[in-house]
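Contents: one structure, followed by commentary.
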Amino acid sequence: MTAVVDVPVPAPPAVNRSRSARGSLLRWVVLTVCGVYFLVPLAFAFWFTVRRPRGGGVSGSAYSQLFTTAPNGQFGIGTALLTSLGLAAVTIVITLLLMVPTQLLLHLRYPRVRPVVEVLSLLPLVFPPVVLVVGVSDTFTWTGDHLTGPLASLITGLRDPGFPVVLALLYVVLALPFAYRALDAGIRSIDAHTLTEAAQNLGAGWPAVVWRVVLPSLRTAVVNAAFLCFALVMGEYTIASILLYTKPFPVWLVQLPTTSGQVQVAASVLSLLVVELLLLLIGALNWRRAARHGRTS
Amino acid sequence: MTQTLTPAAVAPPTAAPGASVEFRGVHRRFGTTAALDGLDLALRPGELLALLGPSGCGKTTALRLLAGFDEPTSGSILVDGREMTGVPARKRDMGMVFQSYSLFPTMTAEDNVAFGLRLRGQAGGRRRARARELLELVGLAEHVGKFPHQMSGGQQQRVALARALAVAPRVLLLDEPLSALDAKVREQLRDEIRRIQLELGVTTLFVTHDQEEALSMADRVGVMRAGRLEQCAAPAVLYDRPATPFVAEFVGTMNRLPGVVELDATVRLGTQRLPVDRIAAVPPAGTAVLVLVRPEAVAATADPAGGHEVAVATFRGPTTRLRVRAVADGAELLADVPSHRAADLAPGTRVAVAVREHEVLLAETTAG
């Protein structure tokens, strides 16, 4: 056996250690400031929801009312949350199915087209969502008047108020700039080109290259893109509201009776906690896998 | 910490017998730029051939064409007599080691090495055994479960070498595999690559811009310039008898000295008349020419009446390189002297300089 002993790495000089300590301190300061910025309003909101307006003390009645309140007389918070979670899942799946192959093609096969697609991906930020929704609304009106048969049925199905898939399609457009950049950064950081050539050299065809080499290396970037889609869907109000869908959670939240401020704030606090918990859960799963499998982008 | 290299204790993995490789008039153009301009090159079975040249000379393009990552604009590439043009990279049975390691980051060292075997449908147990065997061959038996980010650059490149060898390649392609490593590891891995290549007898094309690497590892070295092969020969031949002025100057260090051609086709250098090796046509007597002389062919001895003065003395281990300056006109040349004789050749010392016979190359006629 060949003995392999690499040259020992010299201890970092004192200047580097001091710089590293300063960097660590700076990270903690930034983290603390951000934490205070986000958590203090949340803590006060929570305090507001449990504080008895008269007589003092605390009570969870705002939260119990939340589960018995149906602002539009049809469904409660559970249905609204599940609808939004479902829409988020569909949005994430469509976005990733669309964007991951596109990004791989742009990086590996058509790098010259990349700047053009990059500009196109910014368009959803240039045009406000209301422009998009007016266009969609007009299209629906036209198709309702002019289309019949399977195509008309398909469009009706997409607009089903029970689970409006059309909203997910619109959210995909809105998520495009964010998902594009998350995946782009991921692919840039792994040197996908060389990894692809290395895999091909070992006998891998394109499916094996993508499935076994590139996608596992892009796990963090894919999760980041999914994060962004999820956060966008859980907070999007304009499009759902203009298209008169009442089931998504943000619309449901706005429709809560304004007479009970505590219940409204309780709904906000609860939704934030649910979303944060889900994001943490996804993140934790990814971190565990990353720790087990090595660093990826 | 020092390290000791010992021959591999494991039986070398079975390798395909070395294949012959031939580039026939290969051209590769990128727009108006000719990366390869009619490359003709043949590798013998089991040979390690290094392609050496400056950046942009086409050596990496040649390697990529052989690997199947690119196609020639015209010409043929044959492996064991079979035309490779149009054969996709994944079907060429070549193992490649890249400059940037290129290990799959989510796989352990073992999984990286076993990747090619898995694609070839080899069963799990055999696959793992073979991967471990190869990792042992490159000295990483204790690192099978490590991920790339847990290994040093040298270790990663060893895994990459094991991965390339795992598929029993017909040709091993090395694309500047040592250039990202520090000097000590580079030297160590250089010896290992050569040892393993000799053990397995795999035909190897090694691309590098480092002449020391090329000269120390290769059976033959091909020096490239502007998409063409200037000379392909054994390292000693390349160094001692370069075929062109470019090769002479690119390989090793050369002094360019002004001389005058004499009637009997010798060259007068100062007061010396010296026979020359002709790597350029000898012009008529009386023509001013530039001649090339290696620093080790220049003798410098301390002499208070000498016409030169030591400007700089650089200790290089067994030899010391002197930069000496002519007192009359300030022209400089390099001379290598044994270090044990350099003690009395400190900067400022007057020296006499002479060029040894039969070590002078005629380069070119001086313009004008």
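Numbering starts fresh at 1 for the residues of each chain in the structure tokens, the chains themselves are lettered A, B, ... in the order given, and ligands are numbered from 1 as they appear.
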
Kindly provide, as a PDB file with N, CA and C atoms, in the first residue's frame, the residues of chain B having any atom no farther than 9 Å from an atom of chain A, counting only C-alpha atoms.
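Dumped everything to out_34.pdb:
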```pdb
ATOM      1  N   MET B   1       5.594  16.768   8.228  1.00  0.00           N
ATOM      2  CA  MET B   1       5.677  15.318   8.301  1.00  0.00           C
ATOM      3  C   MET B   1       6.121  14.769   6.948  1.00  0.00           C
ATOM      4  N   THR B   2       7.034  13.827   6.984  1.00  0.00           N
ATOM      5  CA  THR B   2       7.500  13.270   5.717  1.00  0.00           C
ATOM      6  C   THR B   2       6.635  12.101   5.324  1.00  0.00           C
ATOM      7  N   GLN B   3       6.776  11.659   4.129  1.00  0.00           N
ATOM      8  CA  GLN B   3       6.009  10.522   3.680  1.00  0.00           C
ATOM      9  C   GLN B   3       6.906   9.597   2.900  1.00  0.00           C
ATOM     10  N   THR B   4       6.551   8.339   2.885  1.00  0.00           N
ATOM     11  CA  THR B   4       7.350   7.354   2.175  1.00  0.00           C
ATOM     12  C   THR B   4       6.483   6.700   1.127  1.00  0.00           C
ATOM     13  N   LEU B   5       7.011   6.569  -0.045  1.00  0.00           N
ATOM     14  CA  LEU B   5       6.274   5.873  -1.084  1.00  0.00           C
ATOM     15  C   LEU B   5       6.798   4.456  -1.171  1.00  0.00           C
ATOM     16  N   THR B   6       5.920   3.515  -1.099  1.00  0.00           N
ATOM     17  CA  THR B   6       6.311   2.127  -1.277  1.00  0.00           C
ATOM     18  C   THR B   6       5.441   1.544  -2.376  1.00  0.00           C
ATOM     19  N   PRO B   7       5.903   0.511  -3.042  1.00  0.00           N
ATOM     20  CA  PRO B   7       5.092  -0.072  -4.106  1.00  0.00           C
ATOM     21  C   PRO B   7       3.760  -0.558  -3.551  1.00  0.00           C
ATOM     22  N   ALA B   8       2.743  -0.502  -4.364  1.00  0.00           N
ATOM     23  CA  ALA B   8       1.415  -0.917  -3.919  1.00  0.00           C
ATOM     24  C   ALA B   8       1.448  -2.384  -3.520  1.00  0.00           C
ATOM     25  N   ALA B   9       0.860  -2.668  -2.348  1.00  0.00           N
ATOM     26  CA  ALA B   9       0.843  -4.038  -1.860  1.00  0.00           C
ATOM     27  C   ALA B   9      -0.281  -4.837  -2.510  1.00  0.00           C
ATOM     28  N   VAL B  10      -1.228  -4.118  -3.098  1.00  0.00           N
ATOM     29  CA  VAL B  10      -2.364  -4.831  -3.702  1.00  0.00           C
ATOM     30  C   VAL B  10      -2.044  -5.179  -5.144  1.00  0.00           C
ATOM     31  N   ALA B  67     -11.327  12.787 -25.763  1.00  0.00           N
ATOM     32  CA  ALA B  67     -12.306  12.362 -24.743  1.00  0.00           C
ATOM     33  C   ALA B  67     -13.720  12.311 -25.302  1.00  0.00           C
ATOM     34  N   GLY B  68     -13.957  13.051 -26.386  1.00  0.00           N
ATOM     35  CA  GLY B  68     -15.304  13.057 -26.964  1.00  0.00           C
ATOM     36  C   GLY B  68     -16.158  14.211 -26.482  1.00  0.00           C
ATOM     37  N   PHE B  69     -15.549  15.193 -25.815  1.00  0.00           N
ATOM     38  CA  PHE B  69     -16.307  16.359 -25.359  1.00  0.00           C
ATOM     39  C   PHE B  69     -16.438  17.396 -26.469  1.00  0.00           C
ATOM     40  N   PRO B  88     -20.014   9.143 -28.911  1.00  0.00           N
ATOM     41  CA  PRO B  88     -20.184  10.003 -27.735  1.00  0.00           C
ATOM     42  C   PRO B  88     -19.182   9.682 -26.628  1.00  0.00           C
ATOM     43  N   ALA B  89     -18.924  10.674 -25.801  1.00  0.00           N
ATOM     44  CA  ALA B  89     -17.918  10.535 -24.739  1.00  0.00           C
ATOM     45  C   ALA B  89     -18.192   9.324 -23.856  1.00  0.00           C
ATOM     46  N   ARG B  90     -19.462   9.064 -23.590  1.00  0.00           N
ATOM     47  CA  ARG B  90     -19.787   7.996 -22.637  1.00  0.00           C
ATOM     48  C   ARG B  90     -19.517   6.605 -23.207  1.00  0.00           C
ATOM     49  N   LYS B  91     -19.300   6.535 -24.521  1.00  0.00           N
ATOM     50  CA  LYS B  91     -19.055   5.225 -25.123  1.00  0.00           C
ATOM     51  C   LYS B  91     -17.606   5.039 -25.543  1.00  0.00           C
ATOM     52  N   ARG B  92     -16.726   5.945 -25.109  1.00  0.00           N
ATOM     53  CA  ARG B  92     -15.344   5.847 -25.588  1.00  0.00           C
ATOM     54  C   ARG B  92     -14.430   5.043 -24.666  1.00  0.00           C
ATOM     55  N   ASP B  93     -14.926   4.707 -23.468  1.00  0.00           N
ATOM     56  CA  ASP B  93     -14.106   3.935 -22.517  1.00  0.00           C
ATOM     57  C   ASP B  93     -12.776   4.616 -22.217  1.00  0.00           C
ATOM     58  N   MET B  94     -12.869   5.879 -21.875  1.00  0.00           N
ATOM     59  CA  MET B  94     -11.658   6.603 -21.505  1.00  0.00           C
ATOM     60  C   MET B  94     -11.821   7.132 -20.086  1.00  0.00           C
ATOM     61  N   GLY B  95     -10.744   7.130 -19.356  1.00  0.00           N
ATOM     62  CA  GLY B  95     -10.813   7.665 -17.996  1.00  0.00           C
ATOM     63  C   GLY B  95     -10.114   9.004 -17.976  1.00  0.00           C
ATOM     64  N   MET B  96     -10.791   9.986 -17.391  1.00  0.00           N
ATOM     65  CA  MET B  96     -10.185  11.319 -17.428  1.00  0.00           C
ATOM     66  C   MET B  96     -10.048  11.883 -16.018  1.00  0.00           C
ATOM     67  N   VAL B  97      -8.929  12.512 -15.779  1.00  0.00           N
ATOM     68  CA  VAL B  97      -8.716  13.223 -14.512  1.00  0.00           C
ATOM     69  C   VAL B  97      -8.638  14.711 -14.854  1.00  0.00           C
ATOM     70  N   PHE B  98      -9.505  15.480 -14.210  1.00  0.00           N
ATOM     71  CA  PHE B  98      -9.606  16.900 -14.535  1.00  0.00           C
ATOM     72  C   PHE B  98      -8.724  17.730 -13.603  1.00  0.00           C
ATOM     73  N   SER B 100      -9.689  20.340 -11.995  1.00  0.00           N
ATOM     74  CA  SER B 100     -10.425  20.833 -10.821  1.00  0.00           C
ATOM     75  C   SER B 100     -11.026  19.681 -10.000  1.00  0.00           C
ATOM     76  N   SER B 102     -13.158  17.580  -9.731  1.00  0.00           N
ATOM     77  CA  SER B 102     -14.448  17.171 -10.305  1.00  0.00           C
ATOM     78  C   SER B 102     -15.020  15.915  -9.667  1.00  0.00           C
ATOM     79  N   LEU B 103     -14.771  15.719  -8.385  1.00  0.00           N
ATOM     80  CA  LEU B 103     -15.428  14.607  -7.693  1.00  0.00           C
ATOM     81  C   LEU B 103     -16.890  14.974  -7.473  1.00  0.00           C
ATOM     82  N   PHE B 104     -17.753  13.986  -7.459  1.00  0.00           N
ATOM     83  CA  PHE B 104     -19.173  14.249  -7.235  1.00  0.00           C
ATOM     84  C   PHE B 104     -19.358  14.567  -5.746  1.00  0.00           C
ATOM     85  N   PRO B 105     -19.807  15.777  -5.428  1.00  0.00           N
ATOM     86  CA  PRO B 105     -19.736  16.232  -4.032  1.00  0.00           C
ATOM     87  C   PRO B 105     -20.651  15.487  -3.061  1.00  0.00           C
ATOM     88  N   THR B 106     -21.699  14.847  -3.584  1.00  0.00           N
ATOM     89  CA  THR B 106     -22.623  14.168  -2.661  1.00  0.00           C
ATOM     90  C   THR B 106     -22.276  12.692  -2.500  1.00  0.00           C
ATOM     91  N   MET B 107     -21.175  12.269  -3.078  1.00  0.00           N
ATOM     92  CA  MET B 107     -20.793  10.849  -2.980  1.00  0.00           C
ATOM     93  C   MET B 107     -19.497  10.706  -2.185  1.00  0.00           C
ATOM     94  N   THR B 108     -19.380   9.594  -1.490  1.00  0.00           N
ATOM     95  CA  THR B 108     -18.140   9.309  -0.767  1.00  0.00           C
ATOM     96  C   THR B 108     -17.050   8.949  -1.781  1.00  0.00           C
ATOM     97  N   PHE B 115     -18.729   4.772  -9.288  1.00  0.00           N
ATOM     98  CA  PHE B 115     -19.775   5.347 -10.144  1.00  0.00           C
ATOM     99  C   PHE B 115     -19.786   4.735 -11.551  1.00  0.00           C
ATOM    100  N   GLY B 116     -18.622   4.669 -12.160  1.00  0.00           N
ATOM    101  CA  GLY B 116     -18.543   4.138 -13.524  1.00  0.00           C
ATOM    102  C   GLY B 116     -18.910   2.662 -13.572  1.00  0.00           C
ATOM    103  N   LEU B 117     -18.544   1.936 -12.508  1.00  0.00           N
ATOM    104  CA  LEU B 117     -18.853   0.505 -12.467  1.00  0.00           C
ATOM    105  C   LEU B 117     -20.357   0.291 -12.302  1.00  0.00           C
ATOM    106  N   LEU B 119     -22.659   2.279 -13.414  1.00  0.00           N
ATOM    107  CA  LEU B 119     -23.286   2.539 -14.714  1.00  0.00           C
ATOM    108  C   LEU B 119     -23.113   1.347 -15.652  1.00  0.00           C
ATOM    109  N   ARG B 120     -22.060   0.567 -15.411  1.00  0.00           N
ATOM    110  CA  ARG B 120     -21.835  -0.612 -16.250  1.00  0.00           C
ATOM    111  C   ARG B 120     -22.533  -1.842 -15.700  1.00  0.00           C
ATOM    112  N   GLU B 136      -7.100   1.662  -2.454  1.00  0.00           N
ATOM    113  CA  GLU B 136      -5.884   1.186  -1.803  1.00  0.00           C
ATOM    114  C   GLU B 136      -4.678   1.412  -2.714  1.00  0.00           C
ATOM    115  N   LEU B 137      -4.886   1.210  -4.004  1.00  0.00           N
ATOM    116  CA  LEU B 137      -3.807   1.418  -4.973  1.00  0.00           C
ATOM    117  C   LEU B 137      -3.295   2.857  -4.942  1.00  0.00           C
ATOM    118  N   VAL B 138      -4.211   3.793  -4.731  1.00  0.00           N
ATOM    119  CA  VAL B 138      -3.776   5.206  -4.697  1.00  0.00           C
ATOM    120  C   VAL B 138      -3.505   5.668  -3.263  1.00  0.00           C
ATOM    121  N   GLY B 139      -3.492   4.712  -2.323  1.00  0.00           N
ATOM    122  CA  GLY B 139      -3.099   5.047  -0.960  1.00  0.00           C
ATOM    123  C   GLY B 139      -4.168   5.685  -0.112  1.00  0.00           C
ATOM    124  N   LEU B 140      -5.438   5.420  -0.438  1.00  0.00           N
ATOM    125  CA  LEU B 140      -6.522   6.042   0.328  1.00  0.00           C
ATOM    126  C   LEU B 140      -7.451   4.997   0.944  1.00  0.00           C
ATOM    127  N   ALA B 141      -6.889   3.849   1.322  1.00  0.00           N
ATOM    128  CA  ALA B 141      -7.720   2.770   1.855  1.00  0.00           C
ATOM    129  C   ALA B 141      -8.507   3.214   3.083  1.00  0.00           C
ATOM    130  N   LYS B 146     -15.114   8.943   3.145  1.00  0.00           N
ATOM    131  CA  LYS B 146     -15.068  10.408   3.235  1.00  0.00           C
ATOM    132  C   LYS B 146     -15.691  11.059   2.008  1.00  0.00           C
ATOM    133  N   PHE B 147     -16.299  12.218   2.244  1.00  0.00           N
ATOM    134  CA  PHE B 147     -16.823  13.017   1.141  1.00  0.00           C
ATOM    135  C   PHE B 147     -15.708  13.935   0.628  1.00  0.00           C
ATOM    136  N   PRO B 148     -15.846  14.413  -0.614  1.00  0.00           N
ATOM    137  CA  PRO B 148     -14.766  15.241  -1.177  1.00  0.00           C
ATOM    138  C   PRO B 148     -14.370  16.411  -0.282  1.00  0.00           C
ATOM    139  N   HIS B 149     -15.355  17.084   0.340  1.00  0.00           N
ATOM    140  CA  HIS B 149     -15.002  18.261   1.128  1.00  0.00           C
ATOM    141  C   HIS B 149     -14.245  17.899   2.405  1.00  0.00           C
ATOM    142  N   GLN B 150     -14.203  16.615   2.717  1.00  0.00           N
ATOM    143  CA  GLN B 150     -13.459  16.186   3.908  1.00  0.00           C
ATOM    144  C   GLN B 150     -12.022  15.782   3.559  1.00  0.00           C
ATOM    145  N   SER B 152      -8.200  16.524   1.400  1.00  0.00           N
ATOM    146  CA  SER B 152      -7.328  17.573   0.859  1.00  0.00           C
ATOM    147  C   SER B 152      -7.336  17.502  -0.667  1.00  0.00           C
ATOM    148  N   GLY B 154      -4.869  16.955  -2.693  1.00  0.00           N
ATOM    149  CA  GLY B 154      -4.104  15.800  -3.166  1.00  0.00           C
ATOM    150  C   GLY B 154      -4.900  14.511  -3.050  1.00  0.00           C
ATOM    151  N   GLN B 155      -5.622  14.392  -1.939  1.00  0.00           N
ATOM    152  CA  GLN B 155      -6.435  13.184  -1.754  1.00  0.00           C
ATOM    153  C   GLN B 155      -7.572  13.140  -2.770  1.00  0.00           C
ATOM    154  N   ARG B 163     -10.973   6.783  -9.706  1.00  0.00           N
ATOM    155  CA  ARG B 163     -12.268   6.747 -10.403  1.00  0.00           C
ATOM    156  C   ARG B 163     -12.056   6.556 -11.905  1.00  0.00           C
ATOM    157  N   ALA B 164     -11.049   7.269 -12.435  1.00  0.00           N
ATOM    158  CA  ALA B 164     -10.786   7.153 -13.873  1.00  0.00           C
ATOM    159  C   ALA B 164     -10.277   5.754 -14.228  1.00  0.00           C
ATOM    160  N   VAL B 167     -12.831   2.093 -14.417  1.00  0.00           N
ATOM    161  CA  VAL B 167     -13.568   1.573 -15.570  1.00  0.00           C
ATOM    162  C   VAL B 167     -12.641   0.878 -16.574  1.00  0.00           C
ATOM    163  N   ASP B 182      -0.304  21.972  -4.221  1.00  0.00           N
ATOM    164  CA  ASP B 182       0.929  22.654  -3.824  1.00  0.00           C
ATOM    165  C   ASP B 182       2.144  21.800  -4.192  1.00  0.00           C
ATOM    166  N   LYS B 184       4.738  20.288  -2.916  1.00  0.00           N
ATOM    167  CA  LYS B 184       5.125  19.025  -2.284  1.00  0.00           C
ATOM    168  C   LYS B 184       4.187  17.893  -2.722  1.00  0.00           C
ATOM    169  N   VAL B 185       2.887  18.172  -2.650  1.00  0.00           N
ATOM    170  CA  VAL B 185       1.897  17.158  -3.023  1.00  0.00           C
ATOM    171  C   VAL B 185       2.009  16.861  -4.521  1.00  0.00           C
ATOM    172  N   GLN B 188       4.786  14.466  -5.164  1.00  0.00           N
ATOM    173  CA  GLN B 188       4.435  13.152  -4.635  1.00  0.00           C
ATOM    174  C   GLN B 188       3.444  12.434  -5.566  1.00  0.00           C
ATOM    175  N   GLU B 192       3.438   8.985  -8.142  1.00  0.00           N
ATOM    176  CA  GLU B 192       2.421   7.937  -8.014  1.00  0.00           C
ATOM    177  C   GLU B 192       1.702   7.680  -9.321  1.00  0.00           C
TER     178      GLU B 192
END
```

For region 286-296 of chain B, work out the shell of residues within 8 Å, counting only C-alpha atoms and skipping chain neighbours fewer than 4 positions away, then give it as a list in words.
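Listing them by chain and then by number gives Ala248, Glu249, Gly252, Thr253, Met254, Asn255, Arg256, Leu257, Pro258, Gly259, Val260, Val261, Glu262, Leu263, Arg321, Leu333, Leu334, Ala335, Asp336, Val337, Val355, Glu359, Val360, Leu361, Leu362, Ala363, Glu364, Thr365 and Thr366 of chain B.
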
Take the residues just selected and output them with C-alpha atoms as a compact mmCIF listing (two decimals), in the first residue's frame.
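Contents of result.txt, freshly written:
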```
# COMPACT_ATOMS: atom_id res chain seq x y z
CA ALA B 248 14.71 25.05 -27.65
CA GLU B 249 13.51 28.14 -25.86
CA GLY B 252 14.40 24.67 -20.22
CA THR B 253 16.14 28.05 -20.09
CA MET B 254 18.20 29.48 -22.90
CA ASN B 255 20.59 32.38 -23.36
CA ARG B 256 20.15 34.23 -26.66
CA LEU B 257 23.55 35.46 -27.66
CA PRO B 258 24.64 37.44 -30.72
CA GLY B 259 27.20 35.74 -32.95
CA VAL B 260 28.58 35.81 -36.48
CA VAL B 261 28.67 32.89 -38.92
CA GLU B 262 32.18 31.92 -40.01
CA LEU B 263 33.32 30.42 -43.31
CA ARG B 321 22.46 30.34 -11.21
CA LEU B 333 23.57 35.97 -19.71
CA LEU B 334 22.85 33.15 -17.30
CA ALA B 335 25.38 30.58 -16.14
CA ASP B 336 24.79 27.58 -13.88
CA VAL B 337 27.74 26.62 -11.74
CA VAL B 355 30.73 28.51 -23.70
CA GLU B 359 26.27 22.81 -26.82
CA VAL B 360 25.40 25.76 -29.02
CA LEU B 361 22.25 25.96 -31.11
CA LEU B 362 21.88 28.24 -34.08
CA ALA B 363 18.54 29.97 -33.69
CA GLU B 364 17.93 32.62 -36.30
CA THR B 365 19.41 35.34 -38.41
CA THR B 366 19.34 38.68 -36.69
```

What is the CA of Glu110 (chain B) to CA of Arg126 (chain B) distance in Å?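 Going from CA of Glu110 (chain B) over to CA of Arg126 (chain B) covers 12.3 Å.
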
Pick out the closest residue to Val100 (chain A) from this set: A:Ile77, A:Val209, A:Leu183, A:Leu154. Count only C-alpha atoms.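 Comparing A:Ile77, A:Val209, A:Leu183, A:Leu154 against Val100 (chain A), the winner is A:Leu183.
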